[in-house]
Amino acid sequence: MTATPTTPPADPDCRSSIPFSFELYPPKTDAATTALHATIDALAAARPKFISVTYGASGSSRTSSLDVLRYIRRATIVDPMAHLTCVGSSHAEASSLIREFLDAGVSSFLALRGDPPEGLTENDAFLGDLHSAGELVQLIHRVQAERVPYQETPIPGLPRARAVKTEREHVRIAVAAFPNGHPRSRSTAQDIDTLLAKQAAGANLAITQLFFHADHYLSFIQRAREAGVEFPILPGIMPVTSPGRLRRILELSGEELPAELSIQLEVEPTLEGQREIGISHAAALAEKLIAGGAPGLHLYAFNQHETVLAVLDRAGALAPAQPVVSAHNPPPTHPSTSPADTRAGIHSTKDHY
């Protein structure tokens, strides 16, 4: 049975042991930027492991993505994660972008092949020099190695002497995983083989595409582990708080319609009730994933904090000191939730080989 937001867990110390993270997308207006900064502050107060920021095709949100990452790094103690795609970049352009993120202090990346830009299809040439997420993973490691071949540190008592440190800073590189299969995959075996290739390229974390049933994730993890995938695979969760959002998610992800959730959202007449349905479904899913051994939770926040924090609280993943957001009080309307921004938030959950 799902706990209410005000019900404490049996063991409060357990709550802070469940790692979680969030995904945001760059704002498009000054008002949206102000609202997003407030959201980041609220999310950071919950102590996530990282906050990722999406990146538009062909660099369409390069500056705004970097601005958000810099804000996370400057205003919080949370690790910022930059999304990178292979779309439309030469090796030189991609290397320059990676170096720019590294110079800004970003050392975590989500490497994606990326979707075709608007107006193009899979049959068009849109990828540039990099053709897979695995190639992008390798390039990130290469740029980091070239950028910091070694570090010099002062030696106490010897003002002119320097010690050489050859250990490079750790770079976290995440990739996408698909519990129910990639839309272009020929088989589940191909999905696992692709994940193994990303691991061989140097990826050390994966985040899944959306799914609606815990068994889909848990069975996928079992197959991946049996095949030799060793890095953590975080389940991606998006609270579905309206029928329109569900339709858009299914359109972009190719997932099958979750009939029960769809019916509940369609027959509920109020926005508050739809939000409650979405929170309850996501929290129940999170609880099952945690019970099944998931190494953490990754939540798509849609640039708002109230709903995802309510999900985490109800699932028992927030530390006791964190504020409780009542699921019965709908979040205020933020300037950042324009239809275009909403599409960007869902779109980022896809990846291609």
# chains A, B, ... in the order shown; residues from 1 in each chain; ligands from 1

$ select_by_dssp --residues "region 115-293 of chain A" --states "strand (DSSP E or B)" --output "PyMOL selection string"
chain A and resi 128+151-155+158-165+172-177+205-208+233-234+236-237

$ residues_around --residues "region 218-222 of chain A" --least-positions-apart "6" --cutoff "12 Å" --atoms "only C-alpha atoms" --output "PyMOL selection string"
chain A and resi 177-181+188-189+191-192+195+206-209+211-212+228-235+285-286+288-295

$ write_last_selection --atoms "C-alpha atoms" --output "CSV table (one decimal), in the first residue's frame"
chain,number,residue,atom,x,y,z
A,177,ALA,CA,19.0,1.9,-21.9
A,178,PHE,CA,15.7,0.6,-23.2
A,179,PRO,CA,13.8,-2.0,-21.0
A,180,ASN,CA,11.1,-2.5,-23.7
A,181,GLY,CA,13.4,-2.3,-26.6
A,188,THR,CA,15.9,-7.5,-27.2
A,189,ALA,CA,19.2,-9.2,-27.8
A,191,ASP,CA,19.4,-3.8,-27.2
A,192,ILE,CA,21.6,-5.7,-24.7
A,195,LEU,CA,24.4,-1.6,-24.1
A,206,ALA,CA,22.9,4.0,-17.8
A,207,ILE,CA,19.5,5.7,-17.5
A,208,THR,CA,16.4,4.0,-18.9
A,209,GLN,CA,13.8,5.1,-21.3
A,211,PHE,CA,8.3,2.4,-18.8
A,212,PHE,CA,5.1,1.9,-16.8
A,228,GLY,CA,27.7,-9.0,-18.7
A,229,VAL,CA,26.5,-5.4,-18.3
A,230,GLU,CA,28.1,-4.3,-15.0
A,231,PHE,CA,27.4,-0.6,-14.5
A,232,PRO,CA,24.4,0.8,-12.6
A,233,ILE,CA,21.2,1.2,-14.6
A,234,LEU,CA,18.9,3.8,-13.2
A,235,PRO,CA,15.2,3.6,-13.9
A,285,LEU,CA,6.3,2.3,-9.5
A,286,ALA,CA,9.3,3.7,-7.6
A,288,LYS,CA,8.4,-1.5,-6.5
A,289,LEU,CA,11.7,-0.7,-8.3
A,290,ILE,CA,13.4,0.1,-5.0
A,291,ALA,CA,12.1,-3.2,-3.5
A,292,GLY,CA,13.4,-5.0,-6.6
A,293,GLY,CA,16.9,-3.7,-6.1
A,294,ALA,CA,17.1,-0.6,-8.4
A,295,PRO,CA,20.3,1.3,-7.6

$ residues_around --residues "Ala42 (chain A)" --least-positions-apart "5" --cutoff "12 Å" --atoms "only C-alpha atoms" --output "VMD selection string"
chain A and resid 22 35 to 37 47 to 48 51 72 75 to 76 78 301 303 to 309 322 to 325

$ closest_residue --among "A:His213, A:Ile155, A:Thr63, A:Glu272" --to "Glu260 (chain A)" --atoms "only C-alpha atoms"
A:His213

$ select_by_dssp --residues "region 56-281 of chain A" --states "alpha helix (DSSP H)" --output "number ranges by chain"
A: 62-75, 91-103, 133-147, 188-201, 214-227, 243-253, 259-267, 271-281

$ closest_residue --among "A:Ile173, A:Ala46, A:Val106, A:Leu246" --to "Val137 (chain A)" --atoms "only C-alpha atoms"
A:Ile173

$ closest_residue --among "A:Leu312, A:Leu97, A:Val53, A:Ala38" --to "Gln144 (chain A)" --atoms "only C-alpha atoms"
A:Leu97

$ atom_distance --atom1 "CA of Ala282 (chain A)" --atom2 "CA of His182 (chain A)"
22.0 Å

$ closest_residue --among "A:His131, A:Arg74, A:His298, A:Arg184" --to "Phe50 (chain A)" --atoms "only C-alpha atoms"
A:His298

$ closest_residue --among "A:His91, A:Arg275, A:His216, A:Arg225" --to "Pro243 (chain A)" --atoms "only C-alpha atoms"
A:Arg275

$ atom_distance --atom1 "CA of Gly134 (chain A)" --atom2 "CA of Tyr71 (chain A)"
28.5 Å
